[in-house]
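Shown next: run-v5.pdb, given as PDB, C-alpha atoms.
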```pdb
ATOM      1  CA  MET A   1     102.809 123.010  82.840  1.00  0.00           C
ATOM      2  CA  LYS A   2     101.062 125.884  81.141  1.00  0.00           C
ATOM      3  CA  HIS A   3      97.827 124.360  79.837  1.00  0.00           C
ATOM      4  CA  LEU A   4      95.824 121.204  80.343  1.00  0.00           C
ATOM      5  CA  ASN A   5      93.685 120.018  77.454  1.00  0.00           C
ATOM      6  CA  SER A   6      91.366 117.187  78.374  1.00  0.00           C
ATOM      7  CA  SER A   7      88.686 115.218  76.600  1.00  0.00           C
ATOM      8  CA  TRP A   8      86.155 112.888  78.101  1.00  0.00           C
ATOM      9  CA  GLU A   9      85.257 110.234  75.547  1.00  0.00           C
ATOM     10  CA  THR A  10      82.880 108.122  77.587  1.00  0.00           C
ATOM     11  CA  ARG A  11      79.557 109.035  79.161  1.00  0.00           C
ATOM     12  CA  ARG A  12      79.576 106.254  81.741  1.00  0.00           C
ATOM     13  CA  TYR A  13      81.725 108.232  84.160  1.00  0.00           C
ATOM     14  CA  PRO A  14      81.156 111.688  85.683  1.00  0.00           C
ATOM     15  CA  ARG A  15      83.535 114.389  84.449  1.00  0.00           C
ATOM     16  CA  PRO A  16      85.819 116.123  86.931  1.00  0.00           C
ATOM     17  CA  LYS A  17      85.709 119.866  87.486  1.00  0.00           C
ATOM     18  CA  ARG A  18      88.164 121.278  84.956  1.00  0.00           C
ATOM     19  CA  SER A  19      89.777 123.705  87.400  1.00  0.00           C
ATOM     20  CA  GLU A  20      90.440 120.932  89.938  1.00  0.00           C
ATOM     21  CA  LEU A  21      91.752 118.549  87.271  1.00  0.00           C
ATOM     22  CA  THR A  22      94.136 121.258  86.061  1.00  0.00           C
ATOM     23  CA  ARG A  23      95.302 121.968  89.608  1.00  0.00           C
ATOM     24  CA  LEU A  24      95.880 118.248  90.272  1.00  0.00           C
ATOM     25  CA  ALA A  25      97.749 117.752  86.977  1.00  0.00           C
ATOM     26  CA  ARG A  26     100.037 120.729  87.665  1.00  0.00           C
ATOM     27  CA  ARG A  27     100.845 119.538  91.157  1.00  0.00           C
ATOM     28  CA  ALA A  28     101.381 115.935  90.003  1.00  0.00           C
ATOM     29  CA  ALA A  29     103.721 117.119  87.225  1.00  0.00           C
ATOM     30  CA  GLU A  30     105.696 119.147  89.755  1.00  0.00           C
ATOM     31  CA  LEU A  31     105.956 116.203  92.168  1.00  0.00           C
ATOM     32  CA  ALA A  32     106.934 113.895  89.288  1.00  0.00           C
ATOM     33  CA  GLY A  33     109.851 116.202  88.509  1.00  0.00           C
ATOM     34  CA  LEU A  34     108.785 117.388  85.082  1.00  0.00           C
ATOM     35  CA  PRO A  35     110.479 120.500  83.668  1.00  0.00           C
ATOM     36  CA  ALA A  36     109.464 123.792  85.179  1.00  0.00           C
ATOM     37  CA  ASP A  37     111.902 125.877  83.106  1.00  0.00           C
ATOM     38  CA  PHE A  38     109.625 126.241  80.061  1.00  0.00           C
ATOM     39  CA  ASP A  39     105.913 126.334  79.366  1.00  0.00           C
ATOM     40  CA  TRP A  40     104.484 123.049  78.156  1.00  0.00           C
ATOM     41  CA  ASP A  41     101.022 121.633  77.621  1.00  0.00           C
ATOM     42  CA  LEU A  42      99.513 118.374  78.822  1.00  0.00           C
ATOM     43  CA  ASP A  43      96.757 116.565  76.912  1.00  0.00           C
ATOM     44  CA  ILE A  44      94.714 113.899  78.702  1.00  0.00           C
ATOM     45  CA  ARG A  45      92.134 111.786  76.883  1.00  0.00           C
ATOM     46  CA  PHE A  46      89.859 109.819  79.193  1.00  0.00           C
ATOM     47  CA  VAL A  47      88.633 106.829  77.192  1.00  0.00           C
ATOM     48  CA  GLY A  48      86.874 103.474  77.485  1.00  0.00           C
ATOM     49  CA  ASP A  49      88.141  99.974  76.713  1.00  0.00           C
ATOM     50  CA  ARG A  50      87.358 100.055  72.980  1.00  0.00           C
ATOM     51  CA  THR A  51      89.332 103.237  72.252  1.00  0.00           C
ATOM     52  CA  MET A  52      92.175 102.131  74.528  1.00  0.00           C
ATOM     53  CA  ALA A  53      92.429  98.721  72.840  1.00  0.00           C
ATOM     54  CA  GLN A  54      92.623 100.420  69.431  1.00  0.00           C
ATOM     55  CA  ALA A  55      95.354 102.801  70.635  1.00  0.00           C
ATOM     56  CA  ASN A  56      97.230  99.971  72.349  1.00  0.00           C
ATOM     57  CA  ALA A  57      97.302  97.977  69.106  1.00  0.00           C
ATOM     58  CA  GLU A  58      98.155 100.963  66.908  1.00  0.00           C
ATOM     59  CA  PHE A  59     100.810 102.676  69.017  1.00  0.00           C
ATOM     60  CA  VAL A  60     102.191 100.001  71.349  1.00  0.00           C
ATOM     61  CA  GLY A  61     101.642  96.856  69.287  1.00  0.00           C
ATOM     62  CA  HIS A  62      99.828  95.056  72.111  1.00  0.00           C
ATOM     63  CA  GLU A  63      96.472  93.349  71.926  1.00  0.00           C
ATOM     64  CA  GLY A  64      93.651  94.337  74.275  1.00  0.00           C
ATOM     65  CA  THR A  65      93.140  97.242  76.590  1.00  0.00           C
ATOM     66  CA  THR A  66      95.527  98.764  79.139  1.00  0.00           C
ATOM     67  CA  ASP A  67      95.360 101.370  81.884  1.00  0.00           C
ATOM     68  CA  VAL A  68      97.435 104.266  80.527  1.00  0.00           C
ATOM     69  CA  ILE A  69      99.474 105.055  77.429  1.00  0.00           C
ATOM     70  CA  THR A  70     101.996 107.888  77.566  1.00  0.00           C
ATOM     71  CA  PHE A  71     103.394 109.944  74.711  1.00  0.00           C
ATOM     72  CA  SER A  72     106.177 112.257  75.858  1.00  0.00           C
ATOM     73  CA  TYR A  73     107.954 114.749  73.637  1.00  0.00           C
ATOM     74  CA  PHE A  74     110.431 116.134  76.190  1.00  0.00           C
ATOM     75  CA  ASP A  75     113.383 114.697  74.227  1.00  0.00           C
ATOM     76  CA  ASP A  76     113.318 117.786  72.037  1.00  0.00           C
ATOM     77  CA  PRO A  77     111.107 120.445  73.642  1.00  0.00           C
ATOM     78  CA  GLY A  78     112.464 123.090  71.249  1.00  0.00           C
ATOM     79  CA  SER A  79     110.735 121.315  68.390  1.00  0.00           C
ATOM     80  CA  LEU A  80     107.284 121.836  69.915  1.00  0.00           C
ATOM     81  CA  PHE A  81     105.018 124.461  68.409  1.00  0.00           C
ATOM     82  CA  PRO A  82     103.099 126.852  70.683  1.00  0.00           C
ATOM     83  CA  GLY A  83      99.993 125.105  71.938  1.00  0.00           C
ATOM     84  CA  GLU A  84     101.372 121.665  71.071  1.00  0.00           C
ATOM     85  CA  ALA A  85     101.412 119.150  73.915  1.00  0.00           C
ATOM     86  CA  ALA A  86     104.697 117.993  75.415  1.00  0.00           C
ATOM     87  CA  VAL A  87     102.876 115.100  77.071  1.00  0.00           C
ATOM     88  CA  GLU A  88      99.794 113.172  75.967  1.00  0.00           C
ATOM     89  CA  LEU A  89      98.102 110.637  78.220  1.00  0.00           C
ATOM     90  CA  LEU A  90      95.371 108.161  77.325  1.00  0.00           C
ATOM     91  CA  ILE A  91      93.643 107.062  80.521  1.00  0.00           C
ATOM     92  CA  CYS A  92      91.267 104.078  80.445  1.00  0.00           C
ATOM     93  CA  LEU A  93      88.401 104.689  82.856  1.00  0.00           C
ATOM     94  CA  ASP A  94      87.056 101.140  82.427  1.00  0.00           C
ATOM     95  CA  ALA A  95      90.418  99.772  83.619  1.00  0.00           C
ATOM     96  CA  ALA A  96      90.337 102.157  86.605  1.00  0.00           C
ATOM     97  CA  ARG A  97      86.856 100.910  87.556  1.00  0.00           C
ATOM     98  CA  ARG A  98      87.892  97.237  87.312  1.00  0.00           C
ATOM     99  CA  GLU A  99      91.100  97.718  89.296  1.00  0.00           C
ATOM    100  CA  GLY A 100      89.369  99.850  91.909  1.00  0.00           C
ATOM    101  CA  GLU A 101      86.721  97.152  92.418  1.00  0.00           C
ATOM    102  CA  LYS A 102      89.170  94.281  92.823  1.00  0.00           C
ATOM    103  CA  ARG A 103      91.892  95.924  94.930  1.00  0.00           C
ATOM    104  CA  ALA A 104      91.251  96.409  98.632  1.00  0.00           C
ATOM    105  CA  ASP A 105      93.762  99.288  98.833  1.00  0.00           C
ATOM    106  CA  SER A 106      92.286 101.328  95.991  1.00  0.00           C
ATOM    107  CA  SER A 107      89.153 102.751  94.373  1.00  0.00           C
ATOM    108  CA  TYR A 108      88.104 103.961  90.940  1.00  0.00           C
ATOM    109  CA  SER A 109      89.001 107.530  91.906  1.00  0.00           C
ATOM    110  CA  ARG A 110      92.436 106.624  93.254  1.00  0.00           C
ATOM    111  CA  GLU A 111      93.171 104.488  90.192  1.00  0.00           C
ATOM    112  CA  VAL A 112      92.424 107.391  87.812  1.00  0.00           C
ATOM    113  CA  VAL A 113      94.817 109.633  89.754  1.00  0.00           C
ATOM    114  CA  LEU A 114      97.400 106.823  89.834  1.00  0.00           C
ATOM    115  CA  TYR A 115      97.202 106.527  86.022  1.00  0.00           C
ATOM    116  CA  ILE A 116      97.803 110.264  85.632  1.00  0.00           C
ATOM    117  CA  VAL A 117     100.777 110.041  88.013  1.00  0.00           C
ATOM    118  CA  HIS A 118     102.108 106.928  86.258  1.00  0.00           C
ATOM    119  CA  GLY A 119     101.989 108.640  82.853  1.00  0.00           C
ATOM    120  CA  LEU A 120     103.681 111.775  84.175  1.00  0.00           C
ATOM    121  CA  LEU A 121     106.429 109.690  85.791  1.00  0.00           C
ATOM    122  CA  HIS A 122     107.063 107.983  82.451  1.00  0.00           C
ATOM    123  CA  SER A 123     107.357 111.468  80.928  1.00  0.00           C
ATOM    124  CA  ALA A 124     109.866 112.355  83.644  1.00  0.00           C
ATOM    125  CA  GLY A 125     112.034 109.396  82.593  1.00  0.00           C
ATOM    126  CA  GLU A 126     110.855 106.619  84.890  1.00  0.00           C
ATOM    127  CA  ASP A 127     110.583 103.127  83.428  1.00  0.00           C
ATOM    128  CA  ASP A 128     108.834  99.947  84.550  1.00  0.00           C
ATOM    129  CA  LEU A 129     109.974  97.369  82.021  1.00  0.00           C
ATOM    130  CA  SER A 130     112.343  95.452  84.291  1.00  0.00           C
ATOM    131  CA  PRO A 131     112.340  94.645  88.039  1.00  0.00           C
ATOM    132  CA  ALA A 132     114.649  97.332  89.498  1.00  0.00           C
ATOM    133  CA  PRO A 133     113.177 100.262  87.536  1.00  0.00           C
ATOM    134  CA  ARG A 134     109.675  98.903  88.227  1.00  0.00           C
ATOM    135  CA  ARG A 135     110.353  98.986  91.991  1.00  0.00           C
ATOM    136  CA  ARG A 136     111.597 102.562  91.653  1.00  0.00           C
ATOM    137  CA  MET A 137     108.498 103.494  89.612  1.00  0.00           C
ATOM    138  CA  ARG A 138     106.160 102.012  92.251  1.00  0.00           C
ATOM    139  CA  ARG A 139     108.022 103.888  95.001  1.00  0.00           C
ATOM    140  CA  ARG A 140     107.789 107.150  93.067  1.00  0.00           C
ATOM    141  CA  GLU A 141     104.058 106.555  92.445  1.00  0.00           C
ATOM    142  CA  ARG A 142     103.527 106.161  96.198  1.00  0.00           C
ATOM    143  CA  GLU A 143     105.550 109.328  96.893  1.00  0.00           C
ATOM    144  CA  VAL A 144     103.630 111.454  94.373  1.00  0.00           C
ATOM    145  CA  LEU A 145     100.244 110.102  95.514  1.00  0.00           C
ATOM    146  CA  ALA A 146     101.217 110.836  99.138  1.00  0.00           C
ATOM    147  CA  GLY A 147     102.071 114.389  98.083  1.00  0.00           C
ATOM    148  CA  LEU A 148      98.696 114.802  96.359  1.00  0.00           C
ATOM    149  CA  GLU A 149      96.469 113.248  99.035  1.00  0.00           C
ATOM    150  CA  PRO A 150      96.606 116.133 101.544  1.00  0.00           C
ATOM    151  CA  GLU A 151      95.632 118.638  98.838  1.00  0.00           C
ATOM    152  CA  PHE A 152      92.982 116.743  96.848  1.00  0.00           C
ATOM    153  CA  ASP A 153      89.888 114.675  97.501  1.00  0.00           C
ATOM    154  CA  PHE A 154      90.285 112.051  94.778  1.00  0.00           C
ATOM    155  CA  THR A 155      86.671 110.865  95.131  1.00  0.00           C
ATOM    156  CA  ALA A 156      85.289 114.393  94.773  1.00  0.00           C
ATOM    157  CA  LEU A 157      87.504 114.968  91.731  1.00  0.00           C
ATOM    158  CA  PHE A 158      86.716 111.636  90.027  1.00  0.00           C
ATOM    159  CA  PRO A 159      83.340 110.473  91.362  1.00  0.00           C
ATOM    160  CA  PRO A 160      82.730 106.765  90.882  1.00  0.00           C
ATOM    161  CA  PRO A 161      80.485 105.453  88.107  1.00  0.00           C
ATOM    162  CA  GLY A 162      76.807 105.968  88.836  1.00  0.00           C
ATOM    163  CA  PHE A 163      77.476 109.013  91.027  1.00  0.00           C
ATOM    164  CA  ARG A 164      75.085 111.893  90.417  1.00  0.00           C
ATOM    165  CA  ARG A 165      76.012 115.457  91.391  1.00  0.00           C
TER     166      ARG A 165
END
```
Would you mind writing the file's structure down as structure tokens?
Amino acid sequence: MKHLNSSWETRRYPRPKRSELTRLARRAAELAGLPADFDWDLDIRFVGDRTMAQANAEFVGHEGTTDVITFSYFDDPGSLFPGEAAVELLICLDAARREGEKRADSSYSREVVLYIVHGLLHSAGEDDLSPAPRRRMRRREREVLAGLEPEFDFTALFPPPGFRR
């Protein structure tokens, strides 16, 4: 991954330090098995429920919000223009907050990182639409998160809502 372009479209959640987000995204892409043989860009839009519901309806054909939507253009990387993203992720911070609050084994911060990992794994060819691939996807998520945990403090990177630096 050459560049990370990120946008933060909600003010309810503290923004991560750009340098740390870039470092995490590069390492997660590497652990997910994304191509290292050419330079590619990653775009991440951090959004709220309203924007995610609109994107989910427009691009996926589903009603309501979701956690992450992935657009991957690795099928034909030669068709990408310089500076054009090979992967685009829409991450719903409201979904991360809800899931982090209701799951004993997670937190808002961990959920945001999980959504980044999940999107990158989809870009690497993983699927979760049927039981066997879904089990593989969950295993790969755990492996990538375990690879990231020693290097990154998820809570410092993605402070929970209401946190003031």
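Residues matched by the PyMOL selection byres ((chain A and resi 97) around 10) in this file: Tyr13, Cys92, Leu93, Asp94, Ala95, Ala96, Arg98, Glu99, Gly100, Glu101, Lys102, Ser107, Tyr108, Ser109, Arg110, Glu111, Val112, Pro160 and Pro161 of chain A.
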From A:Met137, A:Val68, A:Ala25, A:Leu90, residue lying nearest A:Gly125 [all atoms listed in the file]: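 With all atoms listed in the file as the atom set, the closest residue is A:Met137.
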Near A:Phe74, within 9 Å and counting all atoms listed in the file, which residues show up once chain neighbours fewer than 5 positions away are dropped, as a list in words? Pro35, Ala86, Val87, Ser123 and Ala124 of chain A
Please report the interatomic distance between atom CA of A:Pro14 and atom CA of A:Glu58 in Å with one decimal.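 Atom-to-atom, atom CA of A:Pro14 and atom CA of A:Glu58 are spaced 27.5 Å apart.
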Picked residues, the PyMOL selection byres ((chain A and resi 89) around 8), as a count of residues only: 14
Report as a count of residues only all protein, DNA and RNA residues lying within 10 Å of A:Leu148, evaluated on all atoms listed in the file, omitting residues in the same chain fewer than 5 positions from it. 11
Could you state the separation of atom CA of A:Met52 and atom CA of A:Ser72 in Å, given to one decimal place?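 Between atom CA of A:Met52 and atom CA of A:Ser72 the gap is 17.3 Å.
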Which residue out of A:Trp40, A:Gly33, A:Val60, A:Arg23 has the minimum interatomic distance to A:Arg140 when all atoms listed in the file are used?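 Using all atoms listed in the file, A:Arg140 sits closest to A:Gly33.
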Go ahead and compute the interatomic distance for atom CA of A:His3 and atom CA of A:Ala156, in Å to one decimal.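 Distance reported for this atom pair: 21.9 Å.
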Find the residue from A:Pro133, A:Met1, A:Trp8, A:Asp41 that sits nearest to A:Arg26; use all atoms listed in the file when measuring.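 Of the candidates, the smallest distance to A:Arg26 is held by A:Met1.
Nearest to A:Pro16 of all the residues A:Gly162, A:Arg103, A:Thr155, A:Glu63 is A:Thr155, based on only C-alpha atoms.
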Using the file's own x, y and z axes, so that the box edges lie along x, y and z, what centre and edge lengths in Å (one decimal) does a box around every listed atom of stretch 28-41 of chain A get when 6 Å is added on each side? Give it as lines of an AutoDock Vina configuration file.
```
center_x = 106.5
center_y = 120.1
center_z = 84.9
size_x = 22.9
size_y = 24.4
size_z = 26.5
```
I need stretch 1-112 of chain A from the structure I supplied, saved as a compact mmCIF listing (two decimals), in the first residue's frame with C-alpha atoms retained.
```txt
# COMPACT_ATOMS: atom_id res chain seq x y z
CA MET A 1 0.00 0.00 0.00
CA LYS A 2 1.47 3.30 -1.06
CA HIS A 3 -1.00 5.88 0.26
CA LEU A 4 -3.89 6.00 2.68
CA ASN A 5 -6.58 8.58 2.05
CA SER A 6 -9.06 8.88 4.89
CA SER A 7 -12.03 11.07 5.64
CA TRP A 8 -13.84 11.46 8.91
CA GLU A 9 -17.46 12.33 8.22
CA THR A 10 -18.81 12.43 11.74
CA ARG A 11 -17.87 14.69 14.64
CA ARG A 12 -19.16 12.38 17.36
CA TYR A 13 -15.98 10.32 17.40
CA PRO A 14 -12.36 11.41 17.95
CA ARG A 15 -10.13 11.16 14.88
CA PRO A 16 -7.11 8.86 14.96
CA LYS A 17 -3.60 10.15 14.42
CA ARG A 18 -3.07 9.94 10.66
CA SER A 19 0.43 8.47 10.92
CA GLU A 20 -0.76 5.67 13.23
CA LEU A 21 -3.82 4.95 11.08
CA THR A 22 -1.58 4.68 8.02
CA ARG A 23 0.83 2.38 9.84
CA LEU A 24 -2.05 0.16 11.03
CA ALA A 25 -3.63 0.02 7.56
CA ARG A 26 -0.32 -0.95 5.93
CA ARG A 27 0.33 -3.69 8.45
CA ALA A 28 -3.26 -4.98 8.24
CA ALA A 29 -3.06 -5.08 4.43
CA GLU A 30 0.18 -7.03 4.65
CA LEU A 31 -1.28 -9.52 7.14
CA ALA A 32 -4.43 -9.85 5.01
CA GLY A 33 -2.25 -10.90 2.07
CA LEU A 34 -2.92 -7.98 -0.24
CA PRO A 35 -0.53 -7.45 -3.17
CA ALA A 36 2.86 -6.06 -2.33
CA ASP A 37 4.18 -6.21 -5.91
CA PHE A 38 2.76 -2.84 -7.00
CA ASP A 39 1.90 0.46 -5.38
CA TRP A 40 -1.77 0.88 -4.56
CA ASP A 41 -3.84 3.32 -2.56
CA LEU A 42 -6.43 2.68 0.14
CA ASP A 43 -9.34 5.05 0.79
CA ILE A 44 -11.23 4.79 4.08
CA ARG A 45 -14.33 6.86 4.78
CA PHE A 46 -15.42 6.81 8.42
CA VAL A 47 -19.15 7.55 8.43
CA GLY A 48 -22.26 7.50 10.60
CA ASP A 49 -25.47 5.49 10.23
CA ARG A 50 -27.20 7.88 7.82
CA THR A 51 -24.39 7.90 5.24
CA MET A 52 -23.86 4.15 5.61
CA ALA A 53 -27.57 3.41 5.11
CA GLN A 54 -27.56 5.51 1.93
CA ALA A 55 -24.47 3.71 0.60
CA ASN A 56 -25.87 0.32 1.58
CA ALA A 57 -29.06 1.00 -0.39
CA GLU A 58 -27.27 2.52 -3.38
CA PHE A 59 -24.37 0.10 -3.80
CA VAL A 60 -25.45 -3.13 -2.09
CA GLY A 61 -29.23 -2.96 -2.48
CA HIS A 62 -29.86 -3.55 1.23
CA GLU A 63 -32.01 -1.47 3.52
CA GLY A 64 -30.57 0.05 6.69
CA THR A 65 -27.07 0.51 7.96
CA THR A 66 -24.19 -1.98 8.09
CA ASP A 67 -20.71 -2.11 9.57
CA VAL A 68 -18.41 -1.99 6.52
CA ILE A 69 -18.76 -1.85 2.75
CA THR A 70 -15.78 -2.80 0.60
CA PHE A 71 -15.01 -1.77 -2.96
CA SER A 72 -11.99 -3.61 -4.35
CA TYR A 73 -10.49 -3.00 -7.77
CA PHE A 74 -7.71 -5.62 -7.65
CA ASP A 75 -9.35 -7.61 -10.48
CA ASP A 76 -7.62 -5.32 -12.96
CA PRO A 77 -4.95 -3.28 -11.17
CA GLY A 78 -3.46 -2.20 -14.52
CA SER A 79 -6.59 -0.19 -15.20
CA LEU A 80 -6.04 2.04 -12.16
CA PHE A 81 -4.79 5.57 -12.70
CA PRO A 82 -2.00 6.96 -10.50
CA GLY A 83 -3.50 8.15 -7.24
CA GLU A 84 -6.68 6.12 -7.77
CA ALA A 85 -7.61 3.77 -4.93
CA ALA A 86 -7.40 0.01 -5.39
CA VAL A 87 -9.51 -0.45 -2.27
CA GLU A 88 -12.22 1.76 -0.78
CA LEU A 89 -13.73 1.05 2.63
CA LEU A 90 -16.77 2.67 4.22
CA ILE A 91 -16.60 2.11 7.97
CA CYS A 92 -19.67 2.87 10.12
CA LEU A 93 -18.54 4.25 13.47
CA ASP A 94 -22.08 4.13 14.91
CA ALA A 95 -22.18 0.37 14.22
CA ALA A 96 -18.76 -0.03 15.89
CA ARG A 97 -20.02 1.80 19.00
CA ARG A 98 -23.18 -0.34 19.21
CA GLU A 99 -21.33 -3.63 18.72
CA GLY A 100 -18.59 -2.64 21.14
CA GLU A 101 -21.18 -1.84 23.82
CA LYS A 102 -23.10 -5.09 23.48
CA ARG A 103 -20.26 -7.59 23.04
CA ALA A 104 -18.29 -8.62 26.11
CA ASP A 105 -15.24 -9.58 24.01
CA SER A 106 -14.97 -6.29 22.14
CA SER A 107 -14.97 -2.49 22.35
CA TYR A 108 -15.62 0.42 20.01
CA SER A 109 -11.90 0.65 19.25
CA ARG A 110 -11.51 -3.05 18.51
CA GLU A 111 -14.63 -3.04 16.33
CA VAL A 112 -13.27 -0.20 14.16
```
